[in-house]
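The next block holds one structure in the form of structure tokens; read it before the comments.
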Amino acid sequence: MKKYDHKTIERKWQKEWQKNKIYATPDKAPGPSSAKASAGKKDNFYLLVEFPYPSGNLHAGHWYAFAVPDILARALRMQGKNVLYPIGFDAFGLPAENAAIKNKLNPRKWTEENIEFMKKQIASMGTSFDWSREVITCNPDYYKWTQWLFLQLFKKGLAYQKQTAVNWCPKDKTVLANEQVADGKCERCDAEVVQKKMLQWNIKITDYADRLIDDLAPLDWPEQIKESQRNWIGRSVGAEIDFPFEFENKNASKPNFLLLHGYIGSPNGSYHKWLKNMLERKGYLVQVPDLPNTNEPKETEQVKHVFDRCRVDENTIIIGHSLGGTVAMKLLQKINRPVAGLVLVAPAIEAGFPGAEERPYWKDFSWGINYERLKQLTGFRIVLADTLEKGKRGAYLARLAELLDAQIIEGQAKKEHFCGAEEPLVLAQLASKVTVFTTRPDTIFGATYLVLAPEHPLVKLALGHRGLLTNENEIARYIALSAKKTDMDRQTDKEKTGIRLQGVDAINPSTREKIPVYIADYVLGHYGTGAIMAVPAHDERDFEFATKYKLPIKRVISGGELPYIGDGLMIDSGKFNGLKSEKGRQAITEELGVKKITYKLRDWIVSRQRYWGVPTPIIHCPKCGTVAVEDKDLPVELPEIKDYFPEGSGKSPLAKVKKWVSAKCPKCKGKAERETDTLDTFVDSSWYFLRYTDSKNKKEFASKEKQANWMPVNLYSGGAEHTTMHLLYSRFWHKALFDLGLVGESEPYKRRMNRSLILGPDGQKMSKSRGNVIDPDEAVEGLGADTVRMYLAFIGPYNEVSSYPWNPDGVVGVRRFLERVWNISQKSEIKSQSDNPKIANLLHKTIKKVGGDIATLKFNTAISSLMILLNAVEKEGAIGTKQWEVFIKLLAPFAPHIAEELWHEAGNKKSIHLEKWPEFDPALLKDENIIIVIQINGKTRGEIQVPSDSDKSAVEKAARAAVAARLKGHKISRTIVVPGRLVNFVVSEQK
RNA sequence: GCUGGGAUGGCGGAAUUGGUAGACGCAAUAGACUCAAAAUCUAUUGUCCGCAAGGGCGUGAGGGUUCGAGUCCCUCUCCCAGCACCA
């Protein structure tokens with residue numbers, strides 16, 4: 001008798017499968033079913049697993065990730081599905097690069113070697129991947145399309161540059177997305193993340209916040225992931241409400257305004273009419289010169305015009321719209337005396353800005369502005385940008401704001417430059433009031449003070465009005481202090497601090513009461529409006545702050561609520577009294593503010609200051625600004641360089657490659673430079689599953705026809721760590737592509753399962769330092785791939801977020817099972833020509849059970865039923881050859897090698913993995929006799945065996961007889977017969 | 001703190017969705033084989049009382065609904081994961 005020699009068997013069949021390419025997946029199911037056009041798609045099944053980082057070595061987790069879903073792939077294939085089960089490598093990114101640096105190797109070489117090695121390891125699992133569709137993200141034929149897709153988003157205004165405070169990892173020397181920061185530390189290297197202001201490429205995922213939430217509902221995903229994503233996006237519905245300001249020192253603070261209108265305009269036309277009126281009504285002195293020749297502007301002429309006619313002093317705030325903004329800056333340089341402030345509304349930009357070529361007058365316009373001097377001359381500077389300008393001119397405005405050290409305020413102009421009817425927006429940013437966001441407008445009656453975030457633009461504005469605030473120095477100190485705090489400090493330092501703005505009060509619009517205004521860093525600048533109304537009676541944080549600074553606490557009562565008893569006052573909600581919260585909120589929102597929805601989600605920062613990534617396909621032209629690389633020039637290849645080490649200057653190592661950096665502007669053909677930051681690897685992985693459908697396509701990222709064969713993904717299996725990262729990014733990406741008409745559906749994955757985690761034998765996470773790492777190669781060497789695969793499937797339910805320790809004894813149990821299978825097949829005396837009727841019933845039950853369990857991803861119970869069947873066969877000592885072949889087929893998805901060997905040993909020529917899945921015979925599922933449990937008062941008191949077709953009364957009669965002795969002396973008040981299960985006699989205590 | 005998911009033998013886990021709790025595997029104990037060990041095979045294995053027949057108790061705790069609850073409802077405890085000054 002031959003012994004079970006897993007090494008020989010596994011090597012043999014892996015070679016054979018590879019040679020015969022039995023897992024290459026055609027786009028449409030072969031055979032008669034694909035004759036009809038619709039049948040092809042129906043029979044296709046796209047099973048996706050997250051592709052690995054080629055970081056070096058496969059670990060037990062990879063086995064769990066690839067080999068267990070492989071069971072499903074194989075079973076579905078046998079059940080007649082045309083299964084796409086592809087694989088590739090997420091080859092760009094930090095882990096690979098860090099490892100390369102550590103080992104002093106070129107990242108590409110290192111990555112490619114790893115891929116070669118890991119491919120062999122993956123093959124050793126006996127997985128049925130279709131390697132012909134392999135995707136490697138660091139190959140130019142892949143990242144060409146990553147760049148192309150990025151440019152589609154860029155052209156749609158979904159990718160834009162912005163100067164923002166970002167998470168900077170000092171160790172990895174790169175910017176991180178919010179999703180990559182855990183507890184204030186770098187997700188990868190654990191170094192403390194610091195805040196740094198940098199110009200970064202952002203992707204406007206926030207535009208899709210609502211759809212990302214709303215489209216979750218119909219997906220067949222674990223509730224946990226859906227909830228996490230909703231939570232991460234953090235939608236809250238509330239109201240924005242204005243609180244007017246009142247300054248004590250009216251004389252000192254009173255600014256006057258100089259309004260400079262824009263191109264082809266006049267003070268009586270589209271510009272400034274409304275703004276002038278409003279300001280004058282408030283008692284401000286307003287000057288509005290009518291600029292000459294605005295359709296053929298010469299800035300010297302205009303500056304002279306204003307200089308000759310208008311008076312400017314240290315209380316003047318100059319507001320320049322569009323072209324007027326340039327005039328304002330030039331004017332200031334000419335006057336060369338300090339003013340209160342400078343506001344540039346959708347300012348004009350340097351020659352060569354996008355669209356400038358359509359305006360020939362511009363070519364005479366000289367720029368030449370001394371930003372440093374302007375900073376000295378102005379108390380505050382604001383750039384008011386139109387959100388429409390983000391895509392086109394956003395980068396310019398960001399740069400201008402940076403040069404001027406100005407606040408950028410984003411307005412939402414529907415018309416260019418906020419002219420005409422949109423001027424109120426301009427005023428809204430300047431007039432003396434602050435807008436707060438609240439989810440509880442019904443508590444406004446209890447708002448006893450206001451709090452602004454230290455970075456709130458209004459604070460700067462107020463500080464710029466000299467003499468407006470009496471404690472300017474203290475405030476400036478507080479702002480500086482909190483700016484230094486890292487996010488970590490702000491989290492751990494729960495003790496609330498703040499400082500009152502002396503010299504100003506706000507008016508609570510609901511009570512007309514004067515309330516104090518504070519700045520405090522417990523209010524976040526980037527959420528809502530960066531300002532809150534504090535209601536200490538109804539908000540814990542406000543309560544804490546109010547207690548510390550001895551501020552009044554007023555509880556709002558409305559009908560039905562219990563009056564507040566204790567410290568503080570009660571306040572009546574007046575005419576809103578009696579309204580239950582929801583209705584009250586609505587009524588008050590309508591009366592005092594506007595409904596507003598805000599999100600916790602922030603835009604996705606994709607710039608990485610590292611070498612090993614996809615080059616951002618953008619060219620910076622001094623005349624034309626940020627310009628997309630033309631399609632014919634894609635891909636922008638990553639140059640092979642020696643010095644790829646990050647240096648921490650805030651620039652990617654690519655910036656040092658002068659030859660690569662210099663480029664021609666695609667628009668004006670002038671001298672320009674390439675963007676040197678690379679893209680986040682989550683960009684690469686946001687669309688890789690589309691490439692699998694058409695991986696060789698040279699003309700498109702994937703043709704619509706090929707996509708249609710497979711998309712959306714039927715089942716996506718992966719780790720829980722990607723819940724708010726990859727899964728969110730790729731959903732967004734797909735929606736953006738859908739809107740661009742590039743994909744056919746708005747959600748990429750129909751069903752998702754999160755796999756569990758494999759721990760070390762000690763129940764701890766596997767790690768080299770703990771010394772509890774299981775090397776799968778070793779386990780395979782000793783026990784065989786079939787055993788390891790099957791053990792991982794047997795260890796516990798796959799589709800759950802749980803974790804299982806690798807139990808060396810448990811693996812042995814599975815190995816024993818396979819050895820017993822092997823031994824039975826070697827014993828010819830057990831097998832007979834005809835079927836063993838004693839096995840038939842259990843065999844057919846097992847067919848049903850295994851099929852059902854695989855479909856519901858309960859691989860552990862499927863295996864257990866195979867074990868039960870084997871136990872019975874051994875006990876019986878006899879099984880028909882045909883029956884045995886059925887058993888081998890059932891085993892095939894789990895242990896593909898041994899099944900193939902036994903299948904061929906039984907005299908079959910074709911691969912078992914191309915065989916049809918056995919079908920069960922419903923007639924054979926039926927038991928002849930069944931066991932009925934007898935209960936008395938719900939307690940089990942015995943059992944009887946009855947023919948399975950016995951009727952109710954017969955069963956009851958038999959049961960009564962079986963427990964007659966116990967029933968004696970009791971009165972049966974009720975009898976419950978559950979067919980096929982039990983009989984329960986309900987009896988009284990004693991007769 | 002908020003959100004989601006859990007808690008079943010010595011361990012991993014089953015339980016037809018309200019119907020014999022502990023399938024299957026591991027570990028453990030005893031026996032067979034062996035000079036011996038390993039491997040293999042056989043038997044036992046939730047727990048307590050009992051020589052036994054038999055009985056009591058048992059799914060984190062307490063209460064409820066029901067003929068019957070691991071499963072449904074209420075209250076509480078603990079564990080895991082994610083988020084966290086988000087107004």
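Lettering and numbering for the structure tokens are positional, with chains as A, B, ... in the shown order, residues counted from 1 in each chain, and ligands counted from 1 in the shown order.
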Contact residues (chain A, partner chain B, 6 Å, only C-alpha atoms (C1' of nucleotides)) as an MDAnalysis selection string | chainID A and resid 224 438 522 810 864 938 986
Please give the complete set of residues from region 688-739 of chain A that DSSP, run on the backbone, assigns to alpha helix (DSSP H), formatted as a list in words.
-> Tyr688, Phe689, Leu690, Arg691, Tyr692, Lys704, Glu705, Lys706, Gln707, Ala708, Asn709, Trp710, His726, Leu727, Leu728, Tyr729, Ser730, Arg731, Phe732, Trp733, His734, Lys735, Ala736, Leu737, Phe738 and Asp739 of chain A
Residues of the last selection are to be written out with C-alpha atoms, as an mmCIF file, in the first residue's frame.
data_model
loop_
_atom_site.group_PDB
_atom_site.id
_atom_site.type_symbol
_atom_site.label_atom_id
_atom_site.label_comp_id
_atom_site.auth_asym_id
_atom_site.auth_seq_id
_atom_site.Cartn_x
_atom_site.Cartn_y
_atom_site.Cartn_z
ATOM 1 C CA TYR A 688 -7.155 47.413 -10.274
ATOM 2 C CA PHE A 689 -10.178 45.137 -10.347
ATOM 3 C CA LEU A 690 -11.289 46.849 -13.564
ATOM 4 C CA ARG A 691 -7.977 46.090 -15.204
ATOM 5 C CA TYR A 692 -8.346 42.363 -14.524
ATOM 6 C CA LYS A 704 -16.675 48.687 -21.743
ATOM 7 C CA GLU A 705 -17.549 45.336 -23.312
ATOM 8 C CA LYS A 706 -15.027 43.382 -21.254
ATOM 9 C CA GLN A 707 -16.009 45.233 -18.102
ATOM 10 C CA ALA A 708 -19.606 44.310 -18.751
ATOM 11 C CA ASN A 709 -18.722 40.614 -18.670
ATOM 12 C CA TRP A 710 -17.664 40.820 -15.073
ATOM 13 C CA HIS A 726 -9.385 51.168 0.218
ATOM 14 C CA LEU A 727 -13.077 50.286 0.304
ATOM 15 C CA LEU A 728 -14.094 53.906 0.656
ATOM 16 C CA TYR A 729 -11.591 55.250 -1.855
ATOM 17 C CA SER A 730 -12.416 52.696 -4.510
ATOM 18 C CA ARG A 731 -16.149 53.196 -4.069
ATOM 19 C CA PHE A 732 -15.610 56.910 -4.565
ATOM 20 C CA TRP A 733 -13.311 56.349 -7.529
ATOM 21 C CA HIS A 734 -15.843 54.102 -9.169
ATOM 22 C CA LYS A 735 -18.622 56.625 -8.710
ATOM 23 C CA ALA A 736 -16.477 59.333 -10.256
ATOM 24 C CA LEU A 737 -15.740 57.044 -13.223
ATOM 25 C CA PHE A 738 -19.423 56.253 -13.447
ATOM 26 C CA ASP A 739 -20.254 59.949 -13.681
#
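Residues with any atom within 10 Å of His913 (chain A), counting only C-alpha atoms (C1' of nucleotides) and excluding same-chain neighbours fewer than 4 positions away, are Trp17, Ile22, Tyr23, Arg74, Ala75, Arg77, Met78, Ser128, Lys889, Ala892, Pro893, Pro896, His897, Ala899, Glu900, Trp903 and Trp917 of chain A.
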Expected file: the selected residues, N, CA, C and O atoms, as a PDB file, in the first residue's frame:
ATOM      1  N   TRP A  17      -1.352  21.374 -13.942  1.00  0.00           N
ATOM      2  CA  TRP A  17      -2.390  22.415 -14.101  1.00  0.00           C
ATOM      3  C   TRP A  17      -1.845  23.613 -14.853  1.00  0.00           C
ATOM      4  O   TRP A  17      -2.506  24.195 -15.685  1.00  0.00           O
ATOM      5  N   ILE A  22      -5.481  25.130 -17.005  1.00  0.00           N
ATOM      6  CA  ILE A  22      -6.896  24.806 -16.794  1.00  0.00           C
ATOM      7  C   ILE A  22      -7.654  25.935 -16.099  1.00  0.00           C
ATOM      8  O   ILE A  22      -8.860  25.933 -16.048  1.00  0.00           O
ATOM      9  N   TYR A  23      -6.927  26.939 -15.563  1.00  0.00           N
ATOM     10  CA  TYR A  23      -7.631  28.001 -14.856  1.00  0.00           C
ATOM     11  C   TYR A  23      -7.714  29.312 -15.638  1.00  0.00           C
ATOM     12  O   TYR A  23      -8.173  30.317 -15.126  1.00  0.00           O
ATOM     13  N   ARG A  74     -13.245  27.177  -6.830  1.00  0.00           N
ATOM     14  CA  ARG A  74     -13.258  25.828  -7.404  1.00  0.00           C
ATOM     15  C   ARG A  74     -14.657  25.218  -7.384  1.00  0.00           C
ATOM     16  O   ARG A  74     -15.090  24.585  -8.348  1.00  0.00           O
ATOM     17  N   ALA A  75     -15.347  25.410  -6.261  1.00  0.00           N
ATOM     18  CA  ALA A  75     -16.685  24.824  -6.148  1.00  0.00           C
ATOM     19  C   ALA A  75     -17.619  25.461  -7.177  1.00  0.00           C
ATOM     20  O   ALA A  75     -18.365  24.758  -7.872  1.00  0.00           O
ATOM     21  N   ARG A  77     -16.858  26.816  -9.971  1.00  0.00           N
ATOM     22  CA  ARG A  77     -16.478  26.367 -11.307  1.00  0.00           C
ATOM     23  C   ARG A  77     -17.096  24.996 -11.589  1.00  0.00           C
ATOM     24  O   ARG A  77     -17.656  24.761 -12.648  1.00  0.00           O
ATOM     25  N   MET A  78     -17.007  24.096 -10.604  1.00  0.00           N
ATOM     26  CA  MET A  78     -17.581  22.753 -10.792  1.00  0.00           C
ATOM     27  C   MET A  78     -19.093  22.833 -10.908  1.00  0.00           C
ATOM     28  O   MET A  78     -19.725  21.999 -11.545  1.00  0.00           O
ATOM     29  N   SER A 128      -6.285  28.454  -7.738  1.00  0.00           N
ATOM     30  CA  SER A 128      -6.707  28.385  -9.137  1.00  0.00           C
ATOM     31  C   SER A 128      -6.774  29.770  -9.770  1.00  0.00           C
ATOM     32  O   SER A 128      -7.694  30.074 -10.510  1.00  0.00           O
ATOM     33  N   LYS A 889     -15.049  14.181  -5.341  1.00  0.00           N
ATOM     34  CA  LYS A 889     -15.448  15.448  -5.961  1.00  0.00           C
ATOM     35  C   LYS A 889     -15.791  16.487  -4.901  1.00  0.00           C
ATOM     36  O   LYS A 889     -15.468  17.667  -5.045  1.00  0.00           O
ATOM     37  N   ALA A 892     -12.672  17.884  -3.587  1.00  0.00           N
ATOM     38  CA  ALA A 892     -11.774  18.550  -4.539  1.00  0.00           C
ATOM     39  C   ALA A 892     -11.534  20.047  -4.291  1.00  0.00           C
ATOM     40  O   ALA A 892     -10.394  20.489  -4.345  1.00  0.00           O
ATOM     41  N   PRO A 893     -12.570  20.850  -4.008  1.00  0.00           N
ATOM     42  CA  PRO A 893     -12.286  22.273  -3.800  1.00  0.00           C
ATOM     43  C   PRO A 893     -11.398  22.512  -2.581  1.00  0.00           C
ATOM     44  O   PRO A 893     -10.602  23.445  -2.567  1.00  0.00           O
ATOM     45  N   PRO A 896      -7.331  20.171  -3.385  1.00  0.00           N
ATOM     46  CA  PRO A 896      -7.341  19.931  -4.831  1.00  0.00           C
ATOM     47  C   PRO A 896      -6.315  18.901  -5.313  1.00  0.00           C
ATOM     48  O   PRO A 896      -6.570  18.195  -6.274  1.00  0.00           O
ATOM     49  N   HIS A 897      -5.165  18.823  -4.611  1.00  0.00           N
ATOM     50  CA  HIS A 897      -4.121  17.926  -5.119  1.00  0.00           C
ATOM     51  C   HIS A 897      -4.451  16.470  -4.869  1.00  0.00           C
ATOM     52  O   HIS A 897      -4.424  15.657  -5.783  1.00  0.00           O
ATOM     53  N   ALA A 899      -7.252  15.175  -4.209  1.00  0.00           N
ATOM     54  CA  ALA A 899      -8.459  14.784  -4.932  1.00  0.00           C
ATOM     55  C   ALA A 899      -8.128  14.448  -6.384  1.00  0.00           C
ATOM     56  O   ALA A 899      -8.626  13.464  -6.934  1.00  0.00           O
ATOM     57  N   GLU A 900      -7.261  15.300  -6.988  1.00  0.00           N
ATOM     58  CA  GLU A 900      -6.874  15.049  -8.379  1.00  0.00           C
ATOM     59  C   GLU A 900      -6.147  13.712  -8.511  1.00  0.00           C
ATOM     60  O   GLU A 900      -6.417  12.929  -9.417  1.00  0.00           O
ATOM     61  N   TRP A 903      -8.551  10.841  -8.065  1.00  0.00           N
ATOM     62  CA  TRP A 903      -9.450  10.830  -9.229  1.00  0.00           C
ATOM     63  C   TRP A 903      -8.781  10.108 -10.395  1.00  0.00           C
ATOM     64  O   TRP A 903      -9.403   9.278 -11.057  1.00  0.00           O
ATOM     65  N   TRP A 917     -20.086  19.222 -10.492  1.00  0.00           N
ATOM     66  CA  TRP A 917     -20.386  19.030  -9.075  1.00  0.00           C
ATOM     67  C   TRP A 917     -21.517  18.019  -8.937  1.00  0.00           C
ATOM     68  O   TRP A 917     -22.492  18.078  -9.697  1.00  0.00           O
TER      69      TRP A 917
END
Near Trp806 (chain A), within 12 Å and counting only C-alpha atoms (C1' of nucleotides), which residues show up once chain neighbours fewer than 3 positions away are dropped, as a PyMOL selection string?
-> (chain A and resi 60-61+64+757-766+772-776+779+788+791-796+803+809-812) or (chain B and resi 11-12+26)
Grab the residues selected above and save them as a compact mmCIF listing (two decimals), in the first residue's frame with N, CA, C and O atoms (P, O5', C5', C4', C3', O3' and C1' of nucleotides).
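Output contents, as saved in part15.txt:
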# COMPACT_ATOMS: atom_id res chain seq x y z
N ALA A 60 1.15 33.48 6.86
CA ALA A 60 -0.06 32.67 7.04
C ALA A 60 -1.30 33.45 6.64
O ALA A 60 -2.26 32.89 6.11
N GLY A 61 -1.29 34.76 6.88
CA GLY A 61 -2.43 35.61 6.52
C GLY A 61 -2.72 35.59 5.03
O GLY A 61 -3.87 35.59 4.62
N TYR A 64 -4.49 32.47 4.18
CA TYR A 64 -5.88 32.58 4.60
C TYR A 64 -6.66 33.41 3.58
O TYR A 64 -7.81 33.12 3.28
N LEU A 757 -8.78 36.90 11.20
CA LEU A 757 -7.34 37.09 11.34
C LEU A 757 -6.73 35.80 11.89
O LEU A 757 -7.32 35.15 12.74
N ILE A 758 -5.55 35.44 11.39
CA ILE A 758 -4.84 34.27 11.93
C ILE A 758 -3.78 34.76 12.92
O ILE A 758 -2.94 35.58 12.58
N LEU A 759 -3.87 34.26 14.14
CA LEU A 759 -2.91 34.65 15.17
C LEU A 759 -1.85 33.57 15.33
O LEU A 759 -1.98 32.47 14.79
N GLY A 760 -0.84 33.89 16.10
CA GLY A 760 0.17 32.88 16.41
C GLY A 760 -0.42 31.83 17.35
O GLY A 760 -1.52 32.01 17.88
N PRO A 761 0.31 30.72 17.56
CA PRO A 761 -0.19 29.65 18.43
C PRO A 761 -0.49 30.14 19.86
O PRO A 761 -1.30 29.54 20.56
N ASP A 762 0.15 31.25 20.26
CA ASP A 762 -0.08 31.77 21.61
C ASP A 762 -1.29 32.70 21.68
O ASP A 762 -1.55 33.32 22.70
N GLY A 763 -2.01 32.83 20.57
CA GLY A 763 -3.19 33.69 20.58
C GLY A 763 -2.86 35.16 20.41
O GLY A 763 -3.73 36.01 20.48
N GLN A 764 -1.57 35.46 20.18
CA GLN A 764 -1.16 36.85 19.96
C GLN A 764 -0.95 37.06 18.46
O GLN A 764 -0.75 36.11 17.71
N LYS A 765 -0.99 38.32 18.07
CA LYS A 765 -0.71 38.65 16.68
C LYS A 765 0.70 38.15 16.34
O LYS A 765 1.62 38.30 17.11
N MET A 766 0.80 37.53 15.17
CA MET A 766 2.11 37.00 14.78
C MET A 766 3.10 38.14 14.60
O MET A 766 2.81 39.11 13.92
N ASN A 772 6.40 34.10 17.40
CA ASN A 772 5.26 33.18 17.24
C ASN A 772 4.80 33.12 15.78
O ASN A 772 3.64 32.85 15.50
N VAL A 773 5.72 33.42 14.87
CA VAL A 773 5.36 33.45 13.46
C VAL A 773 5.33 32.03 12.90
O VAL A 773 6.25 31.25 13.09
N ILE A 774 4.23 31.70 12.24
CA ILE A 774 4.13 30.41 11.56
C ILE A 774 4.56 30.63 10.12
O ILE A 774 3.98 31.45 9.41
N ASP A 775 5.57 29.91 9.68
CA ASP A 775 6.01 30.02 8.30
C ASP A 775 5.22 29.02 7.47
O ASP A 775 5.37 27.81 7.64
N PRO A 776 4.37 29.52 6.60
CA PRO A 776 3.52 28.59 5.84
C PRO A 776 4.34 27.64 4.98
O PRO A 776 3.95 26.49 4.79
N ALA A 779 5.17 24.68 7.05
CA ALA A 779 3.99 23.85 7.29
C ALA A 779 3.66 23.04 6.04
O ALA A 779 3.30 21.86 6.12
N VAL A 788 -2.80 22.35 4.87
CA VAL A 788 -2.79 23.73 5.38
C VAL A 788 -4.02 24.49 4.92
O VAL A 788 -4.68 25.17 5.70
N TYR A 791 -7.05 23.13 6.75
CA TYR A 791 -7.03 23.50 8.17
C TYR A 791 -7.52 24.94 8.33
O TYR A 791 -8.33 25.25 9.19
N LEU A 792 -7.01 25.83 7.48
CA LEU A 792 -7.40 27.24 7.57
C LEU A 792 -8.90 27.42 7.34
O LEU A 792 -9.54 28.29 7.93
N ALA A 793 -9.45 26.56 6.49
CA ALA A 793 -10.88 26.65 6.23
C ALA A 793 -11.69 26.06 7.39
O ALA A 793 -12.84 26.43 7.61
N PHE A 794 -11.05 25.15 8.10
CA PHE A 794 -11.75 24.41 9.15
C PHE A 794 -11.73 25.14 10.49
O PHE A 794 -12.57 24.91 11.36
N ILE A 795 -10.79 26.03 10.64
CA ILE A 795 -10.49 26.65 11.94
C ILE A 795 -11.66 27.44 12.54
O ILE A 795 -11.80 27.55 13.75
N GLY A 796 -12.51 27.95 11.70
CA GLY A 796 -13.66 28.73 12.19
C GLY A 796 -14.35 29.41 11.04
O GLY A 796 -13.87 29.32 9.91
N SER A 803 -10.76 36.31 15.18
CA SER A 803 -9.38 35.92 15.00
C SER A 803 -9.15 34.55 15.62
O SER A 803 -9.75 34.22 16.64
N ASP A 809 -1.75 21.40 16.77
CA ASP A 809 -2.46 20.12 16.93
C ASP A 809 -3.65 20.03 15.99
O ASP A 809 -3.97 18.97 15.47
N GLY A 810 -4.30 21.20 15.80
CA GLY A 810 -5.46 21.23 14.92
C GLY A 810 -5.09 20.88 13.50
O GLY A 810 -5.83 20.17 12.80
N VAL A 811 -3.92 21.34 13.05
CA VAL A 811 -3.47 21.05 11.69
C VAL A 811 -3.30 19.55 11.54
O VAL A 811 -3.68 18.96 10.53
N VAL A 812 -2.75 18.92 12.58
CA VAL A 812 -2.51 17.48 12.55
C VAL A 812 -3.83 16.73 12.37
O VAL A 812 -3.90 15.74 11.65
P C B 11 -12.15 26.35 27.84
O5' C B 11 -11.28 26.15 26.52
C5' C B 11 -10.08 26.88 26.32
C4' C B 11 -9.51 26.55 24.97
C3' C B 11 -10.41 26.84 23.79
O3' C B 11 -10.38 28.20 23.42
C1' C B 11 -9.52 24.67 23.56
P G B 12 -11.67 28.82 22.71
O5' G B 12 -11.56 28.27 21.22
C5' G B 12 -10.43 28.62 20.41
C4' G B 12 -10.62 28.07 19.03
C3' G B 12 -11.99 28.33 18.42
O3' G B 12 -12.09 29.64 17.92
C1' G B 12 -11.37 26.07 18.06
P C B 26 -8.79 15.01 15.87
O5' C B 26 -8.23 16.11 16.88
C5' C B 26 -7.20 17.00 16.45
C4' C B 26 -6.97 18.05 17.51
C3' C B 26 -6.50 17.53 18.86
O3' C B 26 -5.13 17.19 18.85
C1' C B 26 -8.15 19.19 19.18
Expressed in Å, the length from CA of Arg751 (chain A) to CA of Gly852 (chain A) is 17.5 Å
Do you know which residues are at most 10 Å from U45 (chain B) counting only C-alpha atoms (C1' of nucleotides), after dropping those on the same chain fewer than 5 positions away, and could you put them as a VMD selection string?
-> chain B and resid 9 28 to 29
Hey, what's within 7 Å of Gln200 (chain A) if we count only C-alpha atoms (C1' of nucleotides) and toss same-chain stuff fewer than 2 positions away? As a PyMOL selection string, please?
-> chain A and resi 161-163+198+202+605+607
Check the smallest atom-to-atom distance from each of A:Thr435, A:Ser703, A:Gln883, A:Asn841 to Asp242 (chain A) using only C-alpha atoms, then report the winner.
-> A:Thr435
Residues near A32 (chain B), cut-off 12 Å, only C-alpha atoms (C1' of nucleotides), skip fewer than 4 positions along chain, as a PyMOL selection string | chain B and resi 40-43
Now that the selection is made, can you save its residues with N, CA and C atoms (P, O5', C5', C4', C3', O3' and C1' of nucleotides) as an mmCIF file, in the first residue's frame?
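So the final result, stored in part.cif, reads:
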data_model
loop_
_atom_site.group_PDB
_atom_site.id
_atom_site.type_symbol
_atom_site.label_atom_id
_atom_site.label_comp_id
_atom_site.auth_asym_id
_atom_site.auth_seq_id
_atom_site.Cartn_x
_atom_site.Cartn_y
_atom_site.Cartn_z
ATOM 1 P P U B 40 -1.977 9.028 14.508
ATOM 2 O "O5'" U B 40 -2.531 7.563 14.254
ATOM 3 C "C5'" U B 40 -2.580 7.045 12.934
ATOM 4 C "C4'" U B 40 -2.921 5.587 12.967
ATOM 5 C "C3'" U B 40 -4.218 5.242 13.678
ATOM 6 O "O3'" U B 40 -5.346 5.423 12.835
ATOM 7 C "C1'" U B 40 -2.510 3.790 14.446
ATOM 8 P P C B 41 -6.705 5.960 13.435
ATOM 9 O "O5'" C B 41 -7.298 4.659 14.122
ATOM 10 C "C5'" C B 41 -7.616 3.513 13.347
ATOM 11 C "C4'" C B 41 -7.858 2.330 14.244
ATOM 12 C "C3'" C B 41 -8.909 2.537 15.332
ATOM 13 O "O3'" C B 41 -10.217 2.361 14.821
ATOM 14 C "C1'" C B 41 -7.002 1.553 16.305
ATOM 15 P P U B 42 -11.413 3.209 15.426
ATOM 16 O "O5'" U B 42 -11.697 2.479 16.820
ATOM 17 C "C5'" U B 42 -12.155 1.139 16.860
ATOM 18 C "C4'" U B 42 -12.327 0.708 18.293
ATOM 19 C "C3'" U B 42 -13.073 1.690 19.184
ATOM 20 O "O3'" U B 42 -14.482 1.589 19.030
ATOM 21 C "C1'" U B 42 -11.121 0.971 20.296
ATOM 22 P P A B 43 -15.379 2.867 19.247
ATOM 23 O "O5'" A B 43 -15.329 3.029 20.838
ATOM 24 C "C5'" A B 43 -15.983 2.092 21.683
ATOM 25 C "C4'" A B 43 -15.622 2.363 23.120
ATOM 26 C "C3'" A B 43 -15.988 3.754 23.636
ATOM 27 O "O3'" A B 43 -17.344 3.863 23.979
ATOM 28 C "C1'" A B 43 -13.788 3.194 24.312
#
Pull the strand (DSSP E or B) assignments for region 38-74 of chain A out of DSSP run on the backbone, and list those residues as number ranges by chain.
-> A: 44-49
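CA of Ile382 (chain A) is found 8.7 Å from CA of Asp405 (chain A).
Taking CA of Lys433 (chain A) as the reference point, CA of Pro347 (chain A) is found at 23.8 Å.
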